[in-house]
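Below is one structure; the comments refer to it alone.
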Amino acid sequence: MMDIIFNMLMIFLVITAFFMVFTKDISTAVIALPIYGAILVVIFVILQAPGPAIAEAVIAAGLTTVFFVITINKTEY
Amino acid sequence: MSRMNAMFKKLYKLVLVVSLAIFLFIVFDEIHNLDNNSKRYLSEHYISEGVQETGAINIVTSVLYDYRAFDTLGEATVLLTAAAILSFLVPLGKDKMLGTTFTMIVSQTTKFFIPFLAVLGAYLILFGHLAPGGGFVGGVVMAVIPILLTITYRVEFSEYKFKPAKKKLAEDIGAIGFILLGLVGVVTGSNFLANGQANFGPGNTGELISAGLIPFLNLMIGIKVGAGLAIIFNSLIKEK
Amino acid sequence: MELAYVVVIILLSLGMYTIITKKNLIKIVMGFTILESSLILLLILVSYKPGGAAPILDKPYEIVVDPIPQALALTAIVIGASVTAVMLAVVIKIYKRYGTLNVDELRKLRG
């Protein structure tokens, strides 16, 4: 059961990454970034790594997205 | 002709990336150290002796702050360098707000939310040697508070609550405190940043005040990371 | 666990592809983020042992996963965030100086 969930999460991760790279609209790609981070957090928890999971949840899903949004706001895209 | 050239260029880049992927695949297939049953003597030692030697339950924290504390010092230096580069790139000019005004619901919810964030950050910092978390993550949670204030209200309000001079002072206190706590090991006749070898007494493992210097090092790193990331964000948003 | 290593290779190649082909500077920074996260995923995968417990030893466990790659991954995540912030500040500076984010036009402007 856990193997099936893990493999499905891996496939979702690849799909989200391809979506992030190949969309035309830049703000759609930026909003897909926290989804990518959240899937990565669940994978880390399954792989028994709670410390990197918390760090990834706080930094990748929170802080980096804010930085990207500020950049888009400043460059008026 | 130029269209053909562009197509050739695109194909060339694609072939480059695919060949990189095939090379990595061959390398991963050849390396047998990646499989999970191989013996790793250093980590075996950390797992079997780490709790007695350092007193911290969380082995990741004891690796970060005791066995390999120099790595953490280098990481703190990288953060300091990033904040310094941003200060050089973005000179202090006029503030520019985001130009969006929110309704009352957003501002009241933010005001309601901030104490919980502060408690979460303090818990993550102080219980870093007992539970997943630690100085880095707690510092980032602390740095989210001025970011929320800046986005919801404006830069002036955030800088009125958290003065820039005080943020710089907090970052300096974190950096210097880490070095001074490292020098305590030298004073007591051991190495720089020594904790387990210097016999500070691991205490009762599992309690809040235990594991020698590790909680204090966690506190210093938390202060430093929080102030540094808040300074980085303020520099980014003040760009005209 | 074989699929996981294939996913790591795919993500690393995708990040490389984004960096060398995309025209928008923000997309290029996003490619750096994907590349870095794939390496963190590789570190966590190396540390995993089947049936192992997380490295928080409140009581003695039989099998415990490897703590050293997890500490390295924690370091890499925090450094990656600050490096991303520096890259985005440089992107904002380039936009203020040249008025565009397209890499080809930047190349033309430089002459």
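Chain labels A, B, ... are given in the sequence in which chains occur in the structure tokens; within each chain residues are numbered consecutively from 1, and ligands are likewise numbered from 1 in the order shown.
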Neighbours of chain B in chain C at 6 Å, counting only C-alpha atoms, as a list in words: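 Using only C-alpha atoms, chain C residues at most 6 Å from chain B: Ser13, Val46, Lys49, Pro55, Ile56, Leu57, Pro67 and Ala71 of chain C.
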Suppose we keep N, CA, C and O atoms; can you now write the selection as a CSV table (one decimal), in the first residue's frame?
```
chain,number,residue,atom,x,y,z
C,13,SER,N,17.6,16.5,-15.1
C,13,SER,CA,17.7,16.8,-16.5
C,13,SER,C,16.7,18.0,-16.9
C,13,SER,O,17.1,18.8,-17.7
C,46,VAL,N,19.3,8.3,-0.4
C,46,VAL,CA,20.4,7.6,0.0
C,46,VAL,C,20.4,7.2,1.5
C,46,VAL,O,20.8,6.1,1.9
C,49,LYS,N,16.6,3.5,4.8
C,49,LYS,CA,16.7,2.1,5.0
C,49,LYS,C,15.3,1.5,5.1
C,49,LYS,O,14.5,2.1,5.9
C,55,PRO,N,15.6,9.4,12.8
C,55,PRO,CA,16.7,9.5,13.8
C,55,PRO,C,16.5,10.3,15.0
C,55,PRO,O,17.2,11.2,15.3
C,56,ILE,N,15.4,10.0,15.7
C,56,ILE,CA,15.1,10.6,17.0
C,56,ILE,C,15.0,9.5,18.0
C,56,ILE,O,14.0,8.8,18.1
C,57,LEU,N,16.0,9.3,18.8
C,57,LEU,CA,16.2,8.1,19.6
C,57,LEU,C,15.7,8.3,21.0
C,57,LEU,O,16.4,8.3,21.9
C,67,PRO,N,21.7,9.4,9.6
C,67,PRO,CA,21.5,10.8,9.9
C,67,PRO,C,22.3,11.8,9.2
C,67,PRO,O,22.0,13.0,9.1
C,71,ALA,N,21.4,15.7,7.7
C,71,ALA,CA,21.9,17.0,8.1
C,71,ALA,C,22.4,17.8,6.9
C,71,ALA,O,22.2,19.0,6.9
```
Which residues of chain A are close to chain B, meaning at most 8 Å apart when you count only C-alpha atoms, and how do they look as a PDB file with all heavy atoms, in the first residue's frame?
```pdb
ATOM      1  N   PRO A  50      12.003  13.655   9.160  1.00  0.00           N
ATOM      2  CA  PRO A  50      11.118  14.741   9.583  1.00  0.00           C
ATOM      3  C   PRO A  50      11.783  16.114   9.600  1.00  0.00           C
ATOM      4  O   PRO A  50      11.115  17.118   9.351  1.00  0.00           O
ATOM      5  CB  PRO A  50      10.671  14.313  10.979  1.00  0.00           C
ATOM      6  CG  PRO A  50      11.713  13.393  11.436  1.00  0.00           C
ATOM      7  CD  PRO A  50      12.266  12.713  10.244  1.00  0.00           C
ATOM      8  N   GLY A  51      13.091  16.155   9.878  1.00  0.00           N
ATOM      9  CA  GLY A  51      13.766  17.453   9.938  1.00  0.00           C
ATOM     10  C   GLY A  51      13.801  18.172   8.601  1.00  0.00           C
ATOM     11  O   GLY A  51      13.345  19.318   8.498  1.00  0.00           O
ATOM     12  N   ILE A  54      10.243  19.426   7.613  1.00  0.00           N
ATOM     13  CA  ILE A  54       9.782  20.698   8.191  1.00  0.00           C
ATOM     14  C   ILE A  54      10.469  21.873   7.506  1.00  0.00           C
ATOM     15  O   ILE A  54       9.838  22.874   7.162  1.00  0.00           O
ATOM     16  CB  ILE A  54      10.029  20.713   9.713  1.00  0.00           C
ATOM     17  CG1 ILE A  54       9.037  19.807  10.405  1.00  0.00           C
ATOM     18  CG2 ILE A  54       9.885  22.104  10.264  1.00  0.00           C
ATOM     19  CD1 ILE A  54       9.178  19.787  11.878  1.00  0.00           C
ATOM     20  N   ALA A  55      11.785  21.705   7.266  1.00  0.00           N
ATOM     21  CA  ALA A  55      12.530  22.796   6.627  1.00  0.00           C
ATOM     22  C   ALA A  55      11.980  23.075   5.229  1.00  0.00           C
ATOM     23  O   ALA A  55      11.798  24.236   4.835  1.00  0.00           O
ATOM     24  CB  ALA A  55      14.008  22.445   6.567  1.00  0.00           C
ATOM     25  N   VAL A  58       8.550  24.872   5.406  1.00  0.00           N
ATOM     26  CA  VAL A  58       8.574  26.283   5.782  1.00  0.00           C
ATOM     27  C   VAL A  58       9.243  27.122   4.699  1.00  0.00           C
ATOM     28  O   VAL A  58       8.754  28.186   4.330  1.00  0.00           O
ATOM     29  CB  VAL A  58       9.284  26.454   7.146  1.00  0.00           C
ATOM     30  CG1 VAL A  58       9.510  27.901   7.441  1.00  0.00           C
ATOM     31  CG2 VAL A  58       8.464  25.846   8.227  1.00  0.00           C
ATOM     32  N   ILE A  59      10.362  26.618   4.154  1.00  0.00           N
ATOM     33  CA  ILE A  59      11.166  27.455   3.266  1.00  0.00           C
ATOM     34  C   ILE A  59      10.666  27.407   1.831  1.00  0.00           C
ATOM     35  O   ILE A  59      10.378  28.436   1.229  1.00  0.00           O
ATOM     36  CB  ILE A  59      12.645  27.034   3.363  1.00  0.00           C
ATOM     37  CG1 ILE A  59      13.186  27.433   4.728  1.00  0.00           C
ATOM     38  CG2 ILE A  59      13.454  27.697   2.291  1.00  0.00           C
ATOM     39  CD1 ILE A  59      14.538  26.967   5.014  1.00  0.00           C
ATOM     40  N   LEU A  63       8.712  30.708   1.945  1.00  0.00           N
ATOM     41  CA  LEU A  63       9.592  31.862   1.770  1.00  0.00           C
ATOM     42  C   LEU A  63       9.959  32.089   0.301  1.00  0.00           C
ATOM     43  O   LEU A  63       9.885  33.214  -0.201  1.00  0.00           O
ATOM     44  CB  LEU A  63      10.852  31.620   2.602  1.00  0.00           C
ATOM     45  CG  LEU A  63      11.591  32.838   3.089  1.00  0.00           C
ATOM     46  CD1 LEU A  63      10.706  33.599   4.031  1.00  0.00           C
ATOM     47  CD2 LEU A  63      12.835  32.410   3.793  1.00  0.00           C
ATOM     48  N   PHE A  67       9.350  35.321  -2.301  1.00  0.00           N
ATOM     49  CA  PHE A  67      10.406  36.000  -3.058  1.00  0.00           C
ATOM     50  C   PHE A  67      10.055  36.085  -4.536  1.00  0.00           C
ATOM     51  O   PHE A  67      10.213  37.143  -5.176  1.00  0.00           O
ATOM     52  CB  PHE A  67      11.739  35.266  -2.891  1.00  0.00           C
ATOM     53  CG  PHE A  67      12.383  35.439  -1.554  1.00  0.00           C
ATOM     54  CD1 PHE A  67      13.309  34.542  -1.085  1.00  0.00           C
ATOM     55  CD2 PHE A  67      12.050  36.526  -0.750  1.00  0.00           C
ATOM     56  CE1 PHE A  67      13.890  34.707   0.143  1.00  0.00           C
ATOM     57  CE2 PHE A  67      12.631  36.699   0.479  1.00  0.00           C
ATOM     58  CZ  PHE A  67      13.549  35.785   0.927  1.00  0.00           C
ATOM     59  N   ILE A  70       7.255  38.658  -5.111  1.00  0.00           N
ATOM     60  CA  ILE A  70       7.774  40.023  -5.031  1.00  0.00           C
ATOM     61  C   ILE A  70       8.517  40.385  -6.308  1.00  0.00           C
ATOM     62  O   ILE A  70       8.386  41.496  -6.846  1.00  0.00           O
ATOM     63  CB  ILE A  70       8.708  40.147  -3.804  1.00  0.00           C
ATOM     64  CG1 ILE A  70       7.903  40.036  -2.519  1.00  0.00           C
ATOM     65  CG2 ILE A  70       9.444  41.469  -3.809  1.00  0.00           C
ATOM     66  CD1 ILE A  70       6.916  41.121  -2.336  1.00  0.00           C
ATOM     67  N   ASN A  73       6.064  41.120  -9.010  1.00  0.00           N
ATOM     68  CA  ASN A  73       5.445  42.419  -8.765  1.00  0.00           C
ATOM     69  C   ASN A  73       6.380  43.548  -9.150  1.00  0.00           C
ATOM     70  O   ASN A  73       5.968  44.550  -9.726  1.00  0.00           O
ATOM     71  CB  ASN A  73       5.060  42.514  -7.286  1.00  0.00           C
ATOM     72  CG  ASN A  73       4.230  43.720  -7.005  1.00  0.00           C
ATOM     73  OD1 ASN A  73       3.782  44.378  -7.924  1.00  0.00           O
ATOM     74  ND2 ASN A  73       4.021  44.014  -5.742  1.00  0.00           N
ATOM     75  N   LYS A  74       7.676  43.382  -8.865  1.00  0.00           N
ATOM     76  CA  LYS A  74       8.614  44.459  -9.164  1.00  0.00           C
ATOM     77  C   LYS A  74       8.892  44.576 -10.654  1.00  0.00           C
ATOM     78  O   LYS A  74       9.165  45.673 -11.146  1.00  0.00           O
ATOM     79  CB  LYS A  74       9.940  44.194  -8.436  1.00  0.00           C
ATOM     80  CG  LYS A  74       9.848  44.281  -6.950  1.00  0.00           C
ATOM     81  CD  LYS A  74       9.648  45.691  -6.509  1.00  0.00           C
ATOM     82  CE  LYS A  74       9.521  45.719  -5.006  1.00  0.00           C
ATOM     83  NZ  LYS A  74       9.096  47.009  -4.509  1.00  0.00           N
TER      84      LYS A  74
END
```
Interatomic distance, atom CA of A:Asn7 to atom CA of C:Ile19 (Å, one decimal): 27.0 Å
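Distance-wise, atom CA of B:Glu171 and atom CA of B:Ile145 end up 16.1 Å apart.
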Alpha helix (DSSP H) call set, DSSP backbone run, chain C, as number ranges by chain: C: 2-21, 25-47, 67-98, 103-110
Distance in Å - atom CA of C:Leu14 versus atom CA of C:Ala85: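 We find that atom CA of C:Leu14 and atom CA of C:Ala85 lie 21.6 Å from each other.
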Within 9 Å of C:Val103 using only C-alpha atoms, minus same-chain residues under 3 positions, as a PyMOL selection string: chain C and resi 22-25+100+106-108
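Each of A:Met1, A:Leu47, A:Ala57, A:Met8 was checked against chain C using only C-alpha atoms; the smallest atom-to-atom distance is that of A:Leu47.
For the choices A:Ile31, A:Ala49, A:Ile4, A:Ala61, the atom-to-atom distance to chain C is smallest for A:Ala49 when using only C-alpha atoms.
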Pick from C:Thr21, C:Leu45, C:Glu62, C:Ile79, whichever lies nearest to chain A using only C-alpha atoms: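 Closest residue, counting only C-alpha atoms: C:Leu45.
Counting only C-alpha atoms, the residue from C:Asp104, C:Val6, C:Leu11, C:Lys27 that sits nearest to A:Ile15 is C:Leu11.
Each of C:Val29, C:Leu74, C:Val8, C:Ile63 was compared to chain A using only C-alpha atoms, and C:Leu74 turns out to be the nearest.
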